[in-house]
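> Got a structure for you, questions after.
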There are 2 protein chains.
Amino acid sequence: MDKATIADVAKLAGVSIKTVSRVTNHEPNVADATRVRVEAAVAQLGYRPNPSARSLASRRSYLVGLLYDNPSPSYLINVQHGSLRTCRSEGYDLVIHPCDYRSGDLVTDLTTMLRQSRVDGVILTPPLSDLPQIVEVLQRREIAFVRIAPADDKYEAQSITTNDHDISAQMTEHLIALGHRRIGFICGHPDHGAVCKRYDGYATALASASLPLRQELIAQGYNSVESGEHGANVLLDLDDPPTAIFAANDDMAAGTLRAAHERGILVPRDLSVAGFDDTPIAQQVWPSLTTIRQPIKQMAERATALLLSQLRDEPDTDAARLIPCGLVLRDSTARAAR
Amino acid sequence: MDKATIADVAKLAGVSIKTVSRVTNHEPNVADATRVRVEAAVAQLGYRPNPSARSLASRRSYLVGLLYDNPSPSYLINVQHGSLRTCRSEGYDLVIHPCDYRSGDLVTDLTTMLRQSRVDGVILTPPLSDLPQIVEVLQRREIAFVRIAPADDKYEAQSITTNDHDISAQMTEHLIALGHRRIGFICGHPDHGAVCKRYDGYATALASASLPLRQELIAQGYNSVESGEHGANVLLDLDDPPTAIFAANDDMAAGTLRAAHERGILVPRDLSVAGFDDTPIAQQVWPSLTTIRQPIKQMAERATALLLSQLRDEPDTDAARLIPCGLVLRDSTARAAR
DNA sequence: TTGAAAGCGCTAACAT
DNA sequence: ATGTTAGCGCTTTCAA
């Protein structure tokens with residue numbers, strides 16, 4: 001019963017194999033009665049189309065590639081699961097492909113992968129979303145793609161974004177509302193476009209509140225805990241250190257907490273700390289981080305749906321390209337001490 | 001040049017397609033001169049066999065399934081990357097399949113997955129490694145499998161393990177050597193077989209050192225930070241609390257740190273804390289955790305190699321089934337205060 | 001050592 | 001609305 005083939009189903013249902021094919025592919029022009037008969041036969045035999053035969057004949061692999069360069073594990077898992085969810089429900093499989101975006105062989109590596117697995121389309125995650133050479137390869141090979149959280153505004157119909165700028169402004173406003181006036185900011189990795197928008201949001205909010213944007217309160221980080229710790233140390237070494245630090249991601253916020261602990265600075269009593277992403281670490285450190293929940297899984301689901309509708313040449317049913325973040329207030333922020 | 005087919009290569013090399021097939025599949029009985037000529041043609045045309053055609057004709061999918069039920073993100077990523085590494089180098093692709101081990105539909109779900117993607121073999125990670133009903137389904141469908149870190153000793157030739165017991169004993173001995181006499185232990189999730197062996201190692205070491213195994217110093221955790229925090233709170237509430245706590249994984253150790261911070265207990269001055277796994281969190285919390293490095297990636301690489309050699313009916317070249325862990329001493333442990 | 005022919009199970013193009 | 005006929009690009013017999 002494992003090896004039921006389309007011919008078996010056709011015979012049992014008393015139709016031609018083409019009709020069975022029409023039913024399994026939800027094609028139009030099949031009489032209801034026939035469809036029912038075929039479906040019954042399919043169920044009875046436990047028939048499943050052979051993906052290889054399908055791919056060979058249709059010249060489509062029913063495979064979606066997920067390209068990424070090592071963001072945090074939890075980010076990845078969320079993207080994977082969001083994407084998988086959509087893939088499975090539409091009969092596609094997901095092939096994951098980690099790669100090194102700084103590698104000189106990126107294009108070669110990508111080309112090899114595209115040919116080996118013959119994916120029908122790919123999903124790009126940051127920072128790959130912003131690499132022109134990747135998009136170029138994909139376009140040359142006519143492979144559909146969707147970008148998650150790109151920094152630019154190109155290929156708008158093939159991008160899913162979130163409101164990095166606005167929500168960062170909102171977090172900054174929240175800190176200001178708590179009475180903070182000297183608010184430090186730890187920037188994300190310069191190669192990560194979306195993360196950089198967070199800085200812009202911070203700057204915007206300060207300006208709206210008529211607070212000065214002080215260079216000395218801005219530290220450059222690289223998305224890691226270690227770089228966050230280093231950045232925080234620089235800020236805390238100032239003669240007039242900030243009373244709040246907003247880091248462009250949770251890992252750097254966790255690094256900030258480490259720096260504070262090391263110095264015996266009590267958070268949030270002496271220092272408020274805010275992160276971004278709401279990764280698991282936000283609730284694993286002490287105190288739990290006030291942060292911004294990024295809807296990664298939903299973004300990946302939508303991105304995948306967008307890709308699949310592209311593959312089918314169907315218009316995308318859901319117009320939403322932007323899925324908003326939300327503030328999550330926990331224990332690492334408090335009213336500024338007088 | 002994308003669409004070079006086996007016939008193109010054959011024509012260019014002046015041989016039959018069967019000979020090309022022999023070369024690409026590393027089959028014997030090809031004259032060296034012929035082989036060289038074919039390889040040149042392959043290179044010149046940039047020929048890659050079409051996986052679908054291959055699968056269809058050979059009745060093999062060249063797909064390996066990775067089955068898991070949500071261990072921590074970093075654990076997963078390590079398993080994925082280890083497995084991918086081996087897969088890619090051997091021309092296989094990896095299909096990831098998260099599933100819910102407590103679901104009543106587990107077997108149905110698994111069956112559906114196995115038929116849909118037609119994987120040639122699967123890799124089981126904990127806690128799925130220990131579910132008899134999964135192995136049963138796989139055996140019934142004659143699908144090869146390998147287990148990572150199973151708790152029992154069955155299917156030894158299809159299992160990759162580590163030295164949970166011994167290394168846990170070693171960590172315990174280390175704490176004892178630091179002068180600790182009241183050492184608490186936070187157990188892992190009872191459904192995770194391998195994690196439970198860690199408790200046994202702890203018990204063994206205490207016995208070896210002629211220290212009593214006190215029930216009140218043992219807390220039940222469930223692998224989460226939260227459960228670790230709860231367990232630690234129970235232990236620290238004792239009239240005579242432990243001076244060191246060994247948690248069966250890093251997340252629970254991080255929970256222990258949270259509990260300590262909350263109470264103003266200074267780690268490691270007032271309390272030593274040790275974890276297990278060396279996940280990223282170990283270096284993200286403060287202080288950095290003394291822990292045990294589990295070679296997850298290597299285990300996954302080996303498991304995959306084992307699976308592939310099984311698929312080829314070849315004897316496994318590397319006999320190692322056990323890949324040992326190592327102690328990692330960081331800042332969360334110190335000599336017991338007098 | 002090499003090759004010819006016959007499928008693998010499906011979809012596409014073209015009937016009917 | 002349904003069926004017929006060719007392939008898709010490879011591996012597997014089986015010969016030579």
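Order determines the names: the first chain of the structure tokens is A, the second B, and so forth; residues in each chain are numbered 1 upward, and ligands are numbered 1 upward as they are shown.
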Please identify all residues of chain D having at least one atom at most 10 Å from any atom of chain B, considering only C-alpha atoms (C1' of nucleotides), and return them as a PDB file with C-alpha atoms (C1' of nucleotides), in the first residue's frame.

ATOM      1  C1'  DC D   8      11.399  14.740 -18.137  1.00  0.00           C
ATOM      2  C1'  DG D   9      16.923  12.778 -17.126  1.00  0.00           C
ATOM      3  C1'  DC D  10      18.479   9.404 -14.963  1.00  0.00           C
ATOM      4  C1'  DT D  11      19.566   4.218 -13.372  1.00  0.00           C
ATOM      5  C1'  DT D  12      18.905  -0.576 -14.231  1.00  0.00           C
TER       6       DT D  12
END
> Please check the contacts: residues of chain C at most 7 Å away from chain A, using only C-alpha atoms (C1' of nucleotides), listed as a list of chain:residue names.
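In the required form, that comes to C:DG9, C:DC10, C:DT11.
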> Taking the DSSP secondary structure from the backbone, can you list the residues of region 273-313 of chain B that are alpha helix (DSSP H), as a PyMOL selection string?
chain B and resi 281-284+296-311
> With a cut-off of 7 Å and counting only C-alpha atoms, select all residues of chain B in contact with chain A and give the selection as a ChimeraX atom specification.
/B:48,52-53,55-56,73-74,77,94-95,116,225,254-255,258,284-286
> Give the strand (DSSP E or B) residues of region 2-138 of chain B, as assigned by DSSP on the backbone, as a PyMOL selection string.
chain B and resi 63-68+93-98+121-124
> Counting only C-alpha atoms (C1' of nucleotides), what is within 12 Å of DC14 (chain C), bar same-chain residues fewer than 6 positions away, as a list of chain:residue names?
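Near DC14 (chain C), the qualifying residues are D:DG3, D:DT4, D:DT5, D:DA6.
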> For DA16 (chain D), list every protein, DNA or RNA residue within 10 Å, evaluated using only C-alpha atoms (C1' of nucleotides), and leave out those in the same chain fewer than 5 positions away; present the list as a list in words.
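My list of contacting residues is DT2, DG3 and DA4 of chain C.
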> For DT2 (chain D), find every residue with an atom within 12 Å (counting only C-alpha atoms (C1' of nucleotides)), except residues of its own chain fewer than 2 positions away, and show them as a ChimeraX atom specification.
/A:14-22,28-31,34-35 /C:15-16 /D:4
> Figure out the distance between CA of Ala303 (chain B) and CA of Arg321 (chain B), please, to one decimal in Å.
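Between CA of Arg321 (chain B) and CA of Ala303 (chain B) the gap is 8.4 Å.
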> By how many Å are CA of Ala205 (chain B) and CA of Ser272 (chain B) apart?
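CA of Ser272 (chain B) lies 17.1 Å from CA of Ala205 (chain B).
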> In Å, with one decimal, what is the gap from CA of Ala194 (chain B) to CA of Ser332 (chain B)?
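Between CA of Ala194 (chain B) and CA of Ser332 (chain B) the gap works out to 24.0 Å.
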> Hey, what's within 7 Å of region 173-182 of chain A if we count only C-alpha atoms (C1' of nucleotides) and toss same-chain stuff fewer than 4 positions away? As a short mmCIF file (atom, residue, chain, number, x, y, z; two decimals) with N, CA and C atoms, in the first residue's frame, please?

data_model
loop_
_atom_site.label_atom_id
_atom_site.label_comp_id
_atom_site.auth_asym_id
_atom_site.auth_seq_id
_atom_site.Cartn_x
_atom_site.Cartn_y
_atom_site.Cartn_z
N ALA A 169 11.75 54.25 18.11
CA ALA A 169 11.42 55.59 18.58
C ALA A 169 10.49 55.47 19.79
N ALA A 205 13.40 59.99 18.06
CA ALA A 205 12.67 60.22 19.31
C ALA A 205 13.34 61.29 20.16
N PRO A 242 25.28 57.45 31.09
CA PRO A 242 23.84 57.45 30.84
C PRO A 242 23.09 56.77 32.00
N THR A 243 21.82 57.13 32.15
CA THR A 243 21.00 56.46 33.17
C THR A 243 20.18 55.35 32.54
N ALA A 244 20.24 55.30 31.22
CA ALA A 244 19.54 54.23 30.51
C ALA A 244 20.36 53.88 29.27
N ALA A 334 13.26 51.23 34.64
CA ALA A 334 12.51 51.85 35.74
C ALA A 334 12.67 53.36 35.64
N ARG A 335 11.91 54.04 36.43
CA ARG A 335 11.96 55.49 36.48
C ARG A 335 13.39 55.93 36.84
N ALA A 336 13.82 56.97 36.20
CA ALA A 336 15.18 57.46 36.45
C ALA A 336 15.30 57.93 37.90
#
